[in-house]
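Enquirer: I have a structure here, written as structure tokens, and I will follow up with some questions on it.
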Amino acid sequence: MTDLLTPVLRQLESNDGDALARYIDFLRIPSVSTDPAFAGDIKHAAEWLQTELSALGFAVEIRPTPNHPVVIAKDHAAGPSTPHLLYYAHYDVQPADPLELWDSPPFEPVIVEAENGPRVVARGAVDDKGQLRTVVEAMRAWKQVHGKLPVRVTLLFEGEEEIGSKNLRPFLKTYKDELQADVAVITDTNSWNVKTPAITTSLRGLLYTELKVRAANRDLHSGLYGGSAANPIHVLSELLGKLHDEHGAVGIPGFYDSIEPVDEATRAAWEKLNFDEGAYLRDIGLEHSAGERNRPALERLWARPTCDVNGIWSGYTGIGAKTVIPSEAHAKISFRLVPGQEPDKIADLFRAFLEKELPDYVQWELDIHSSARGFRLNTTSSYLQAAKRALSKVFQTDAVLIGGAGSIPVVEWLKVELGLDSVMLGFGLDDDKIHSPNEKFELVCFRNGMKSQAAFLAELVK
């Protein structure tokens, strides 16, 4: 069979400087989706992609949503007998705050020498602009060498991922017929390490809640009412202390009842990864692990559900003193879910827990902000096997199958709304500081990502 890949890889190497320059230019656009002040920059990022992809021969449209637009680009020149891939990535980024913790301005990308060679430091360096660029540059090289892509491709680049993708699922429903494909490719995950490629085959779901506890009808003077009036901070704090037992397990009755167990083959494969939890924690300044005491580290991260308090506020927190018993206390509480757990059922169990544990002399409200199921992908898929071969060819070592500790709701939505399985093909690292100051992407990962995306296309030709 003709070697289609080698000249594409050479093209990527010869164009490396130009690809890096385009990547840097894209990072300079502060496409922060959560802050309305950056709405013009979100529009600029979408138009930047439209201009670039149009020049590459894609048919491109910027489709509006009630908030930020979606960029749709199509190249079906390979013809109906070839596989059709729907690529998903996002062009929006997190806010850069706190700015004072950045070593360089977050939207003025810099290249810094580090242990693994040069890295790009900027907001969005890896999440997800750098990963998005691996796809576009691989397709650019294919077109430059062969004149066209070897398969049919539709690109779906979203501008609201960092704010929960509120409008994406309705978008998928609206354009269901147009977005039909054979498989989806998600470019928003990690390698196992800088030298070992990985494909993520499971994700945890999410239930994000906000709890309000109210006692008196106004804030109270703690001298006049202390010792008589209920303090909602005390009530809420006592409740939060009951969310976990002494072994680190979630204390909500029925929480674990429907979990799908990890099969022995998967468990054995995870053990072979020799995950060093101590090093993983020391990198973030911790010495001791948390969670369920009797579970291995990777099982806790990838296959067990969790409950975390993400924020808590009440009363006076300003400078100096204000002797007040507040009328309300609030907490944001999230649950990472695994396959077998239904978000609505877990929400009902949490409400029942609140009914039982909160005293009847306070009022409370529970709001559900977002939810998504945990997901396991089909590891026997021919597309996933093609991705494994592609990664192994580029990295010169076998690709490993890993779990994902976070949530990517689009994977479920693509399955439910379009009937598509996904291949999660990403090249980030655990220490890339996504959502934090000094976010980075190792250039070796960026380059291996471009080559792997190109190799994946070559495997599909086979």
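By order of appearance in the structure tokens: chains A, B, ..., then residues from 1 within every chain, and ligands from 1 in the order shown.
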May I have all residues of stretch 400-438 of chain A that DSSP, computed from the backbone, assigns to alpha helix (DSSP H), given as a list in words?
Expert: Pro409, Val410, Val411, Glu412, Trp413, Leu414, Lys415, Val416, Glu417 and Leu418 of chain A
Enquirer: For N, CA and C atoms, I'd like the residues from the last selection saved as an mmCIF file, in the first residue's frame.
Expert:
```cif
data_model
loop_
_atom_site.group_PDB
_atom_site.id
_atom_site.type_symbol
_atom_site.label_atom_id
_atom_site.label_comp_id
_atom_site.auth_asym_id
_atom_site.auth_seq_id
_atom_site.Cartn_x
_atom_site.Cartn_y
_atom_site.Cartn_z
ATOM 1 N N PRO A 409 -19.438 16.668 28.987
ATOM 2 C CA PRO A 409 -20.836 16.327 28.683
ATOM 3 C C PRO A 409 -21.125 16.092 27.217
ATOM 4 N N VAL A 410 -20.332 16.713 26.326
ATOM 5 C CA VAL A 410 -20.617 16.565 24.898
ATOM 6 C C VAL A 410 -20.526 15.115 24.456
ATOM 7 N N VAL A 411 -19.726 14.283 25.150
ATOM 8 C CA VAL A 411 -19.607 12.876 24.769
ATOM 9 C C VAL A 411 -20.962 12.184 24.888
ATOM 10 N N GLU A 412 -21.665 12.431 25.985
ATOM 11 C CA GLU A 412 -22.993 11.854 26.151
ATOM 12 C C GLU A 412 -23.981 12.446 25.155
ATOM 13 N N TRP A 413 -23.910 13.766 24.952
ATOM 14 C CA TRP A 413 -24.875 14.414 24.055
ATOM 15 C C TRP A 413 -24.706 13.931 22.616
ATOM 16 N N LEU A 414 -23.471 13.731 22.202
ATOM 17 C CA LEU A 414 -23.242 13.212 20.849
ATOM 18 C C LEU A 414 -23.838 11.816 20.688
ATOM 19 N N LYS A 415 -23.773 11.036 21.756
ATOM 20 C CA LYS A 415 -24.337 9.692 21.708
ATOM 21 C C LYS A 415 -25.865 9.737 21.702
ATOM 22 N N VAL A 416 -26.439 10.531 22.593
ATOM 23 C CA VAL A 416 -27.896 10.571 22.739
ATOM 24 C C VAL A 416 -28.553 11.273 21.559
ATOM 25 N N GLU A 417 -28.007 12.413 21.152
ATOM 26 C CA GLU A 417 -28.670 13.225 20.124
ATOM 27 C C GLU A 417 -28.326 12.790 18.697
ATOM 28 N N LEU A 418 -27.083 12.319 18.474
ATOM 29 C CA LEU A 418 -26.653 11.981 17.116
ATOM 30 C C LEU A 418 -26.362 10.495 16.941
#
```
Enquirer: Would you list the contacts of A:Pro80 as a PyMOL selection string, taking every protein, DNA or RNA residue within 12 Å and counting only C-alpha atoms, but skipping same-chain residues closer than 2 positions in sequence?
Expert: chain A and resi 75-78+82-85+150-153+181-182
Enquirer: Within 12 Å of stretch 25-48 of chain A, which residues of stretch 111-186 of chain A show up? Give each one with its shortest atom-to-atom distance in Å (one decimal) and the two atoms involved, counting only C-alpha atoms, rows by chain then rising residue number, as JSON lines.
Expert:
```
{"residue": "A:Val120", "atom": "CA", "partner": "A:Leu27", "partner_atom": "CA", "distance": 9.8}
{"residue": "A:Val121", "atom": "CA", "partner": "A:Leu27", "partner_atom": "CA", "distance": 9.6}
{"residue": "A:Ala122", "atom": "CA", "partner": "A:Leu27", "partner_atom": "CA", "distance": 7.0}
{"residue": "A:Arg123", "atom": "CA", "partner": "A:Leu27", "partner_atom": "CA", "distance": 7.2}
{"residue": "A:Gly124", "atom": "CA", "partner": "A:Leu27", "partner_atom": "CA", "distance": 6.5}
{"residue": "A:Ala125", "atom": "CA", "partner": "A:Leu27", "partner_atom": "CA", "distance": 6.8}
{"residue": "A:Val126", "atom": "CA", "partner": "A:Leu27", "partner_atom": "CA", "distance": 9.9}
{"residue": "A:Asp127", "atom": "CA", "partner": "A:Leu27", "partner_atom": "CA", "distance": 10.6}
{"residue": "A:Asp128", "atom": "CA", "partner": "A:Leu27", "partner_atom": "CA", "distance": 10.1}
{"residue": "A:Lys129", "atom": "CA", "partner": "A:Leu27", "partner_atom": "CA", "distance": 7.0}
{"residue": "A:Gly130", "atom": "CA", "partner": "A:Leu27", "partner_atom": "CA", "distance": 8.3}
{"residue": "A:Gln131", "atom": "CA", "partner": "A:Leu27", "partner_atom": "CA", "distance": 11.7}
{"residue": "A:Leu132", "atom": "CA", "partner": "A:Phe26", "partner_atom": "CA", "distance": 10.4}
{"residue": "A:Arg133", "atom": "CA", "partner": "A:Phe26", "partner_atom": "CA", "distance": 9.0}
{"residue": "A:Leu156", "atom": "CA", "partner": "A:Ala46", "partner_atom": "CA", "distance": 11.3}
{"residue": "A:Phe157", "atom": "CA", "partner": "A:Ala46", "partner_atom": "CA", "distance": 8.5}
{"residue": "A:Glu158", "atom": "CA", "partner": "A:Ala46", "partner_atom": "CA", "distance": 8.9}
{"residue": "A:Gly159", "atom": "CA", "partner": "A:Ser33", "partner_atom": "CA", "distance": 6.8}
{"residue": "A:Glu160", "atom": "CA", "partner": "A:Ser33", "partner_atom": "CA", "distance": 6.0}
{"residue": "A:Glu161", "atom": "CA", "partner": "A:Ser33", "partner_atom": "CA", "distance": 8.2}
{"residue": "A:Glu162", "atom": "CA", "partner": "A:Ser33", "partner_atom": "CA", "distance": 6.7}
{"residue": "A:Ile163", "atom": "CA", "partner": "A:Thr34", "partner_atom": "CA", "distance": 6.0}
{"residue": "A:Gly164", "atom": "CA", "partner": "A:Thr34", "partner_atom": "CA", "distance": 9.7}
{"residue": "A:Ser165", "atom": "CA", "partner": "A:Ser33", "partner_atom": "CA", "distance": 10.3}
{"residue": "A:Lys166", "atom": "CA", "partner": "A:Thr34", "partner_atom": "CA", "distance": 11.8}
```
Enquirer: Taking the backbone alone, and naming residues the way the document does, which bits of stretch 11-230 of chain A are strand (DSSP E or B) by DSSP, as an mmCIF file with C-alpha atoms, in the first residue's frame?
Expert:
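Once everything was written out, this is out21.cif:
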```cif
data_model
loop_
_atom_site.group_PDB
_atom_site.id
_atom_site.type_symbol
_atom_site.label_atom_id
_atom_site.label_comp_id
_atom_site.auth_asym_id
_atom_site.auth_seq_id
_atom_site.Cartn_x
_atom_site.Cartn_y
_atom_site.Cartn_z
ATOM 1 C CA VAL A 32 -13.130 34.318 27.632
ATOM 2 C CA ALA A 59 -17.051 25.304 3.726
ATOM 3 C CA VAL A 60 -17.366 27.340 6.920
ATOM 4 C CA GLU A 61 -20.277 28.944 8.734
ATOM 5 C CA ILE A 62 -20.490 30.743 12.050
ATOM 6 C CA ARG A 63 -23.785 29.561 13.511
ATOM 7 C CA VAL A 70 -20.489 27.637 16.971
ATOM 8 C CA VAL A 71 -18.084 27.313 14.047
ATOM 9 C CA ILE A 72 -19.055 24.555 11.577
ATOM 10 C CA ALA A 73 -16.582 23.623 8.835
ATOM 11 C CA LYS A 74 -17.032 20.853 6.263
ATOM 12 C CA ASP A 75 -14.772 19.093 3.796
ATOM 13 C CA HIS A 84 -17.135 10.628 7.972
ATOM 14 C CA LEU A 85 -15.628 12.110 11.138
ATOM 15 C CA LEU A 86 -17.164 14.817 13.325
ATOM 16 C CA TYR A 87 -14.384 16.612 15.232
ATOM 17 C CA TYR A 88 -15.255 18.513 18.414
ATOM 18 C CA ALA A 89 -13.111 21.084 20.206
ATOM 19 C CA HIS A 90 -13.725 24.460 21.843
ATOM 20 C CA VAL A 93 -11.070 29.823 27.464
ATOM 21 C CA VAL A 110 5.726 33.106 25.696
ATOM 22 C CA ILE A 111 7.950 30.117 24.967
ATOM 23 C CA VAL A 112 9.807 28.918 28.047
ATOM 24 C CA GLU A 113 12.534 26.293 28.291
ATOM 25 C CA ALA A 114 11.685 23.474 30.715
ATOM 26 C CA GLY A 117 12.078 21.203 26.153
ATOM 27 C CA PRO A 118 10.254 24.391 25.186
ATOM 28 C CA ARG A 119 6.678 24.980 26.252
ATOM 29 C CA VAL A 120 4.083 27.623 25.403
ATOM 30 C CA VAL A 121 2.655 29.483 28.400
ATOM 31 C CA ARG A 152 -14.976 13.266 5.009
ATOM 32 C CA VAL A 153 -14.642 15.737 7.875
ATOM 33 C CA THR A 154 -16.990 18.054 9.757
ATOM 34 C CA LEU A 155 -15.454 20.340 12.377
ATOM 35 C CA LEU A 156 -17.594 21.595 15.283
ATOM 36 C CA PHE A 157 -15.769 24.228 17.329
ATOM 37 C CA GLU A 158 -17.761 25.544 20.281
ATOM 38 C CA VAL A 183 -17.790 8.696 14.689
ATOM 39 C CA ALA A 184 -16.938 11.761 16.776
ATOM 40 C CA VAL A 185 -13.378 12.713 17.664
ATOM 41 C CA ILE A 186 -12.936 14.715 20.892
ATOM 42 C CA ASN A 190 -4.522 13.961 28.027
ATOM 43 C CA ASN A 193 2.818 11.159 30.218
ATOM 44 C CA THR A 196 3.300 7.618 26.487
ATOM 45 C CA ALA A 198 -3.277 7.549 25.797
ATOM 46 C CA ILE A 199 -6.899 7.312 24.760
ATOM 47 C CA THR A 200 -9.481 8.194 27.385
ATOM 48 C CA THR A 201 -12.195 5.537 27.488
ATOM 49 C CA SER A 202 -14.316 6.652 30.452
ATOM 50 C CA LEU A 203 -15.476 9.890 32.021
ATOM 51 C CA GLY A 205 -20.389 12.628 35.151
ATOM 52 C CA LEU A 206 -21.411 15.652 37.190
ATOM 53 C CA LEU A 207 -24.214 16.895 39.400
ATOM 54 C CA TYR A 208 -23.636 20.515 40.434
ATOM 55 C CA THR A 209 -25.849 21.900 43.184
ATOM 56 C CA GLU A 210 -26.286 24.979 45.345
ATOM 57 C CA LEU A 211 -27.760 24.773 48.839
ATOM 58 C CA LYS A 212 -29.245 27.697 50.791
ATOM 59 C CA VAL A 213 -30.062 27.380 54.493
ATOM 60 C CA ARG A 214 -32.144 30.126 56.118
ATOM 61 C CA LEU A 220 -29.110 39.515 63.916
ATOM 62 C CA HIS A 221 -26.931 41.197 66.551
#
```
